[in-house]
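Asks: One file is attached below, model-v6.txt, containing compact mmCIF, C-alpha atoms.
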# COMPACT_ATOMS: atom_id res chain seq x y z
CA MET A 1 -21.09 -60.66 2.45
CA SER A 2 -23.21 -57.87 0.94
CA GLY A 3 -21.26 -54.64 0.49
CA LYS A 4 -17.87 -56.23 1.11
CA GLN A 5 -15.01 -55.67 -1.33
CA ALA A 6 -12.83 -58.32 -2.96
CA VAL A 7 -9.27 -57.00 -2.71
CA HIS A 8 -5.66 -58.09 -3.05
CA PHE A 9 -3.20 -56.64 -0.56
CA SER A 10 0.23 -55.42 -1.54
CA PRO A 11 3.03 -57.76 -0.41
CA ARG A 12 4.33 -57.00 3.06
CA LEU A 13 7.64 -55.20 3.35
CA VAL A 14 10.21 -57.45 5.03
CA THR A 15 13.14 -55.83 6.81
CA ALA A 16 15.77 -57.10 9.21
CA HIS A 17 15.04 -54.25 11.65
CA ARG A 18 11.86 -52.28 12.23
CA PHE A 19 13.56 -48.89 11.90
CA GLU A 20 14.47 -49.75 8.31
CA ARG A 21 10.81 -49.21 7.42
CA LEU A 22 11.12 -45.51 8.27
CA ARG A 23 12.19 -42.89 5.74
CA PHE A 24 12.73 -39.15 5.92
CA CYS A 25 12.07 -36.43 3.39
CA ARG A 26 15.20 -34.56 2.41
CA THR A 27 13.06 -31.54 1.49
CA CYS A 28 10.81 -31.00 4.53
CA GLY A 29 12.62 -33.28 7.00
CA SER A 30 9.49 -35.20 8.04
CA VAL A 31 9.56 -38.95 8.78
CA THR A 32 7.12 -41.52 7.41
CA SER A 33 6.46 -45.22 7.77
CA LEU A 34 4.43 -45.39 4.56
CA ARG A 35 5.55 -46.90 1.31
CA GLY A 36 5.51 -45.10 -2.00
CA GLU A 37 7.56 -42.27 -3.43
CA THR A 38 5.47 -39.31 -2.29
CA CYS A 39 6.12 -37.57 1.04
CA PRO A 40 2.82 -37.49 3.04
CA SER A 41 3.77 -34.10 4.52
CA CYS A 42 4.99 -31.95 1.62
CA ARG A 43 3.55 -34.14 -1.18
CA ARG A 44 6.82 -34.06 -3.11
CA THR A 45 7.93 -37.12 -5.05
CA GLY A 46 11.36 -38.73 -5.05
CA THR A 47 12.54 -37.02 -1.86
CA LEU A 48 12.28 -39.93 0.59
CA LEU A 49 15.49 -41.54 1.86
CA PRO A 50 16.19 -44.29 4.44
CA LEU A 51 16.18 -42.98 7.98
CA SER A 52 19.68 -44.37 8.46
CA ARG A 53 20.93 -41.68 6.04
CA MET A 54 19.50 -38.86 8.13
CA GLY A 55 22.40 -36.84 9.48
CA ALA A 56 24.93 -38.67 7.29
CA GLY A 57 25.96 -35.37 5.68
CA ARG A 58 26.60 -33.79 9.08
CA ILE A 59 28.75 -36.76 10.09
CA ARG A 60 30.82 -36.50 6.90
CA LEU A 61 31.35 -32.78 7.52
CA ARG A 62 32.39 -33.44 11.11
CA ARG A 63 34.89 -36.07 10.04
CA LEU A 64 36.27 -33.74 7.36
CA ALA A 65 36.59 -30.96 9.94
CA GLU A 66 38.45 -33.28 12.31
CA ALA A 67 40.83 -34.31 9.52
CA VAL A 68 41.39 -30.65 8.57
CA VAL A 69 42.15 -29.76 12.20
CA LEU A 70 44.71 -32.58 12.38
CA ALA A 71 46.28 -31.49 9.09
CA LEU A 72 46.44 -27.81 10.16
CA ALA A 73 47.98 -28.82 13.48
CA ALA A 74 50.63 -30.80 11.62
CA VAL A 75 51.32 -27.89 9.23
CA ALA A 76 51.57 -25.47 12.15
CA ALA A 77 53.96 -27.80 13.96
CA VAL A 78 56.15 -28.04 10.86
CA ALA A 79 56.16 -24.26 10.47
CA LEU A 80 57.20 -23.78 14.09
CA ALA A 81 59.95 -26.39 14.00
CA ALA A 82 63.47 -25.05 14.77
CA ASN A 83 65.36 -26.98 12.12
CA SER A 84 64.96 -29.35 9.21
CA LEU A 85 65.26 -32.47 11.39
CA GLU A 86 62.42 -31.33 13.64
CA ARG A 87 60.33 -30.41 10.61
CA THR A 88 60.90 -33.87 9.14
CA VAL A 89 59.99 -35.61 12.41
CA VAL A 90 56.89 -33.45 12.93
CA ALA A 91 55.77 -34.00 9.32
CA VAL A 92 56.12 -37.77 9.69
CA LEU A 93 54.22 -37.71 12.99
CA GLY A 94 51.48 -35.55 11.47
CA ALA A 95 51.12 -37.86 8.47
CA GLY A 96 51.05 -40.83 10.83
CA ALA A 97 48.33 -39.24 12.95
CA LEU A 98 46.18 -38.64 9.87
CA SER A 99 46.77 -42.20 8.67
CA VAL A 100 45.80 -43.62 12.07
CA TYR A 101 42.68 -41.42 12.15
CA PHE A 102 41.45 -42.64 8.75
CA TYR A 103 42.39 -46.24 9.59
CA LEU A 104 40.34 -46.12 12.79
CA LEU A 105 37.37 -44.67 10.92
CA ARG A 106 37.44 -47.57 8.46
CA ARG A 107 38.31 -50.19 11.08
CA TYR A 108 35.45 -49.33 13.44
CA ALA A 109 32.87 -48.10 10.95
CA ASP A 110 30.66 -51.16 11.57
CA SER A 111 30.83 -50.56 15.32
CA PHE A 112 30.04 -46.86 15.06
CA ALA A 113 27.02 -47.37 12.78
CA PRO A 114 24.68 -49.09 15.32
CA TYR A 115 25.56 -46.52 17.98
CA ARG A 116 24.93 -43.66 15.55
CA LEU A 117 21.54 -45.16 14.59
CA HIS A 118 20.63 -45.60 18.25
CA ARG A 119 21.45 -41.99 18.98
CA LEU A 120 19.61 -40.88 15.84
CA LEU A 121 16.43 -42.72 16.86
CA LEU A 122 16.60 -41.21 20.36
CA ASP A 123 17.25 -37.70 19.06
CA GLU A 124 14.50 -37.90 16.45
CA THR A 125 11.78 -39.46 18.64
CA ASP A 126 9.54 -36.40 18.45
CA ARG A 127 9.94 -36.08 14.69
CA ILE A 128 9.15 -39.78 14.22
CA ALA A 129 6.02 -39.44 16.39
CA GLU A 130 4.90 -36.42 14.33
CA GLY A 131 5.50 -38.38 11.13
CA LEU A 132 3.43 -41.33 12.34
CA ALA A 133 0.61 -38.95 13.27
CA THR A 134 0.74 -37.55 9.73
CA ASP A 135 0.63 -41.11 8.38
CA GLU A 136 -2.51 -41.76 10.46
CA ARG A 137 -4.17 -38.70 9.00
CA ALA A 138 -3.33 -39.96 5.51
CA ALA A 139 -4.95 -43.31 6.36
CA GLU A 140 -8.03 -41.50 7.72
CA ALA A 141 -8.33 -39.55 4.49
CA ASP A 142 -8.27 -42.81 2.52
CA TYR A 143 -11.04 -44.25 4.70
CA GLU A 144 -13.23 -41.18 4.29
CA ALA A 145 -12.73 -41.47 0.53
CA ASP A 146 -13.81 -45.16 0.65
CA ARG A 147 -10.28 -46.32 -0.22
CA TYR A 148 -10.40 -49.06 2.39
CA ARG A 149 -7.57 -51.19 1.00
CA GLU A 150 -5.21 -48.21 0.88
CA CYS A 151 -6.30 -47.20 4.37
CA TYR A 152 -5.66 -50.69 5.75
CA GLU A 153 -2.24 -50.96 4.12
CA LYS A 154 -1.24 -47.64 5.65
CA LEU A 155 -2.49 -48.74 9.07
CA ARG A 156 -0.58 -51.99 8.66
CA GLU A 157 2.65 -50.02 8.26
CA ILE A 158 1.83 -47.64 11.11
CA GLY A 159 0.97 -50.63 13.29
CA GLU A 160 4.59 -51.74 13.14
CA PHE A 161 5.39 -48.79 15.42
CA ILE A 162 2.16 -47.94 17.28
CA TRP A 163 0.70 -50.87 19.23
CA THR A 164 -2.46 -49.32 20.60
CA ASP A 165 -6.03 -50.56 20.56
CA ARG A 166 -6.88 -47.55 18.39
CA ILE A 167 -4.69 -48.80 15.56
CA ARG A 168 -5.82 -52.40 16.05
CA TYR A 169 -9.48 -51.41 16.00
CA ASN A 170 -9.09 -49.21 12.92
CA LYS A 171 -7.41 -52.09 11.08
CA VAL A 172 -10.28 -54.40 12.00
CA ILE A 173 -12.79 -51.79 10.78
CA CYS A 174 -11.07 -51.89 7.39
CA LEU A 175 -10.73 -55.67 7.35
CA ASP A 176 -14.47 -55.95 8.03
CA ARG A 177 -15.00 -54.28 4.65
CA PHE A 178 -13.29 -57.08 2.71
CA VAL A 179 -14.27 -60.52 1.50
CA LEU A 180 -11.79 -62.72 3.34
CA ARG A 181 -10.10 -65.54 1.46
CA LYS A 182 -7.61 -68.21 2.43
CA ASP A 183 -5.01 -66.88 0.00
CA MET A 184 -5.01 -63.41 1.57
CA ASP A 185 -2.16 -62.24 3.78
CA LEU A 186 -4.38 -61.70 6.81
CA GLU A 187 -3.29 -60.74 10.30
CA LEU A 188 -4.91 -61.80 13.55
CA GLU A 189 -2.52 -61.89 16.50
CA SER A 190 -1.45 -58.29 15.84
CA VAL A 191 -5.03 -56.96 16.00
CA VAL A 192 -6.14 -58.73 19.19
CA PRO A 193 -7.52 -55.95 21.46
CA ARG A 194 -7.14 -55.70 25.21
CA ARG A 195 -10.90 -55.45 25.84
CA PHE A 196 -13.93 -57.29 24.50
CA ASN A 197 -14.91 -56.00 21.09
CA LYS A 198 -17.77 -57.36 19.01
CA LEU A 199 -16.28 -56.22 15.71
CA PHE A 200 -13.04 -58.06 16.44
CA VAL A 201 -14.96 -61.22 17.38
CA ARG A 202 -16.84 -61.02 14.09
CA TYR A 203 -13.52 -60.70 12.27
CA LEU A 204 -12.15 -63.62 14.31
CA TRP A 205 -15.18 -65.65 13.23
CA GLU A 206 -14.51 -64.92 9.57
CA VAL A 207 -10.79 -65.69 9.90
CA SER A 208 -11.51 -68.94 11.75
CA LYS A 209 -13.50 -70.11 8.75
CA VAL A 210 -10.87 -69.37 6.09
CA ASN A 211 -7.48 -69.52 7.83
CA ARG A 212 -7.65 -71.27 11.20
CA PRO A 213 -3.85 -71.62 11.61
CA LEU A 214 -3.75 -67.85 12.26
CA ILE A 215 -5.33 -68.55 15.67
CA ARG A 216 -2.40 -68.71 18.05
CA GLU A 217 -1.56 -67.94 21.68
CA ARG A 218 -2.82 -64.34 21.96
CA THR A 219 -6.08 -65.18 20.22
CA LEU A 220 -6.57 -68.27 22.39
CA ASP A 221 -5.99 -66.20 25.53
CA TYR A 222 -8.48 -63.60 24.32
CA ALA A 223 -11.14 -66.21 23.55
CA LEU A 224 -10.73 -67.87 26.96
CA ARG A 225 -10.79 -64.54 28.80
CA PHE A 226 -13.97 -63.33 27.08
CA ARG A 227 -15.60 -66.69 26.49
CA GLY A 228 -18.82 -65.71 28.23
CA ASP A 229 -19.23 -62.56 26.13
CA ILE A 230 -18.41 -64.38 22.90
CA GLU A 231 -20.89 -67.19 23.54
CA LYS A 232 -23.72 -64.67 23.86
CA LEU A 233 -23.27 -63.62 20.23
CA PRO A 234 -25.35 -65.40 17.53
CA TYR A 235 -22.20 -66.89 16.01
CA GLY A 236 -20.44 -67.26 19.35
CA PRO A 237 -20.68 -71.07 19.65
CA GLU A 238 -19.24 -71.48 16.15
CA VAL A 239 -16.37 -69.14 17.02
CA MET A 240 -15.58 -71.12 20.17
CA THR A 241 -15.77 -74.42 18.28
CA ASN A 242 -13.24 -73.10 15.77
CA ILE A 243 -11.09 -71.83 18.64
CA ALA A 244 -11.17 -75.27 20.24
CA SER A 245 -10.24 -76.82 16.92
CA ALA A 246 -7.29 -74.46 16.53
CA ALA A 247 -6.12 -75.16 20.09
CA LEU A 248 -5.49 -78.77 19.09
CA ARG A 249 -2.52 -77.68 17.02
CA SER A 250 -0.29 -78.07 20.07
CA GLN A 251 -0.38 -80.42 23.03
CA ALA A 252 0.75 -77.51 25.20
CA ASN A 253 -2.71 -75.91 24.75
CA LEU A 254 -4.51 -78.78 26.46
CA SER A 255 -3.88 -77.43 29.93
CA ALA A 256 -5.26 -73.94 29.29
CA CYS A 257 -8.10 -75.13 27.03
CA GLU A 258 -9.13 -78.29 28.89
CA TYR A 259 -12.63 -77.10 29.85
CA LEU A 260 -13.21 -75.38 26.53
CA LEU A 261 -12.33 -78.60 24.71
CA ALA A 262 -14.56 -80.64 27.02
CA ASP A 263 -17.52 -78.39 26.22
CA TYR A 264 -16.96 -78.19 22.47
CA ALA A 265 -15.45 -81.58 21.65
CA VAL A 266 -18.87 -82.82 20.52
CA ALA A 267 -18.98 -80.11 17.83
CA LEU A 268 -15.46 -80.70 16.49
CA PRO A 269 -15.05 -82.04 12.95
CA ARG A 270 -14.12 -85.72 12.84
CA ASP A 271 -10.45 -85.12 11.95
CA ARG A 272 -10.03 -82.66 14.84
CA PHE A 273 -11.80 -85.05 17.22
CA LEU A 274 -9.33 -87.76 16.21
CA ARG A 275 -6.54 -85.29 16.86
CA LEU A 276 -7.94 -84.69 20.35
CA CYS A 277 -8.05 -88.44 21.03
CA ARG A 278 -4.43 -88.87 19.97
CA LEU A 279 -3.23 -85.92 22.03
CA LEU A 280 -4.99 -87.29 25.12
CA ALA A 281 -3.49 -90.75 24.49
CA SER A 282 -0.02 -89.20 24.55
CA THR A 283 -0.51 -87.27 27.81
CA ARG A 284 -0.60 -90.31 30.12
CA GLY A 285 -3.92 -89.50 31.76
CA TYR A 286 -3.12 -85.93 32.84
CA TYR A 287 -6.60 -84.70 31.87
CA PRO A 288 -9.08 -87.26 33.24
CA THR A 289 -12.16 -85.01 32.94
CA LEU A 290 -11.45 -84.19 29.30
CA ALA A 291 -10.52 -87.83 28.61
CA ALA A 292 -13.80 -89.08 30.08
CA ARG A 293 -15.83 -86.56 28.08
CA THR A 294 -13.97 -87.47 24.88
CA ALA A 295 -14.54 -91.19 25.44
CA GLU A 296 -18.25 -90.54 26.01
CA ILE A 297 -18.53 -88.62 22.73
CA ALA A 298 -16.69 -91.40 20.92
CA ARG A 299 -19.21 -93.96 22.23
CA THR A 300 -22.30 -91.92 21.43
CA ARG A 301 -21.50 -89.91 18.31
CA TYR A 302 -18.99 -92.20 16.62
CA ALA A 303 -20.40 -95.61 17.47
CA GLY A 304 -19.27 -98.05 14.79
CA ASP A 305 -16.40 -95.85 13.56
CA LYS A 306 -13.47 -98.22 14.01
CA GLU A 307 -10.75 -95.56 13.69
CA VAL A 308 -12.34 -93.33 16.30
CA GLU A 309 -12.97 -96.32 18.58
CA ARG A 310 -9.30 -97.32 18.42
CA ALA A 311 -8.18 -93.74 19.12
CA ALA A 312 -10.62 -93.43 22.04
CA GLY A 313 -9.52 -96.83 23.34
CA ALA A 314 -5.92 -95.60 23.44
CA ILE A 315 -7.02 -92.82 25.80
CA GLY A 316 -8.25 -95.40 28.30
CA GLN A 317 -5.04 -97.44 27.99
CA ALA A 318 -2.87 -94.34 28.47
CA SER A 319 -4.68 -93.41 31.67
CA TRP A 320 -3.68 -96.71 33.26
CA ARG A 321 0.06 -96.54 32.49
Would you mind writing the file's structure down as structure tokens?
Replies:
Amino acid sequence: MSGKQAVHFSPRLVTAHRFERLRFCRTCGSVTSLRGETCPSCRRTGTLLPLSRMGAGRIRLRRLAEAVVLALAAVAAVALAANSLERTVVAVLGAGALSVYFYLLRRYADSFAPYRLHRLLLDETDRIAEGLATDERAAEADYEADRYRECYEKLREIGEFIWTDRIRYNKVICLDRFVLRKDMDLELESVVPRRFNKLFVRYLWEVSKVNRPLIRERTLDYALRFRGDIEKLPYGPEVMTNIASAALRSQANLSACEYLLADYAVALPRDRFLRLCRLLASTRGYYPTLAARTAEIARTRYAGDKEVERAAGAIGQASWR
């Protein structure tokens, strides 16, 4: 743990939609995913607004122009009317057209908003990409200045939009600088790389010791795919034992992890070994190789442990149903 920092992360930002995390600067027009009140591009404070408000002024002006055109058309029609009756009829029709226009705007405002946001996101794709690149440079500057927590928190926000191994790896580099605790809001599934990476495995090892429930499907798949590479590391067997322990959270994992569990069942803590026995007892003998290995461990390692013997005995009974 030498050289590692004890840190507390800022609470995660929770939004209903991912785009709600983006903001634009009303001064320079750049887009950012970062939190705070300072624009990463122009460094001005208090200029950031929700992305959904981008272009709102133009839309208001367009609606006003449309209303003015309708009103001018009605005035022109009244002026060109031949007599008072026609002027009255045209004026009523013009007022009705304006009323219908404003009614439709209010009536379908909720329907127009998602479409407008969709078009906005498509139209501003390049600007959003440029903003995320600026955010990455800001995170890099924090790292070079040894502000690892700030760097990680920026990468965590950027990672909501960029799902590349580069971002995942950079987050793991920062996380490797911290003393990991159970009470920390750690991430694991979102930093699983596509290729074998020793630094990620070391991080996985640390996480598996303090917060094993974070090990889920993507991490299990990664561990099974690169099992041979992981086991060659000094802490590899411990990592795989913790992976096997985490796999016992769900009966559905037995099929994919059958051989892993058979190899590491002997190293499981007693409570997880009991969990394995009970899962096998409920599967009606679908995993005979794993069941036989588990029963053997129960006889040799847990001889005289009545609770384990009963659980192991249930495996044998289930296989004969």
Asks: So, with only C-alpha atoms as the atoms that count, which of A:Val239, A:Val192, A:Ala95, A:Leu204 lies closest to Arg218 of chain A?
Replies: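 Comparing A:Val239, A:Val192, A:Ala95, A:Leu204 against Arg218 of chain A, the winner is A:Val192.
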Asks: Tell me, as a list of chain:residue names, which residues lie within 12 Å of Leu51 of chain A, counting all atoms listed in the file; anything in the same chain fewer than 4 positions away does not count.
Replies: A:His17, A:Arg18, A:Phe19, A:Glu20, A:Arg21, A:Leu22, A:Arg23, A:Phe24, A:Cys25, A:Arg26, A:Gly29, A:Ser30, A:Val31, A:Thr32, A:Ser33, A:Gly55, A:Ala56, A:Arg116, A:Leu117, A:His118, A:Leu120, A:Leu121, A:Glu124, A:Arg127, A:Ile128
Asks: What does the distance between atom CA of Arg202 of chain A and atom CA of Pro234 of chain A come to in Å, to one decimal place?
Replies: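 If I compute the distance from atom CA of Arg202 of chain A to atom CA of Pro234 of chain A, I get 10.2 Å.
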Asks: Nearest residue to Ala298 of chain A out of A:Leu105, A:Leu280, A:Val266, A:Val210, using only C-alpha atoms?
Replies: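 Looking only at the distances to Ala298 of chain A, the closest residue turns out to be A:Val266.
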Asks: What's the 9 Å shell around Ser208 of chain A, counting all atoms listed in the file, without same-chain residues fewer than 4 positions away, as a ChimeraX atom specification?
Replies: /A:203-204,212-215,239,242-243,246
Asks: So what do you get for atom CA of Val89 of chain A versus atom CA of Ala67 of chain A, distance-wise?
Replies: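 Separation of atom CA of Val89 of chain A and atom CA of Ala67 of chain A: 19.4 Å.
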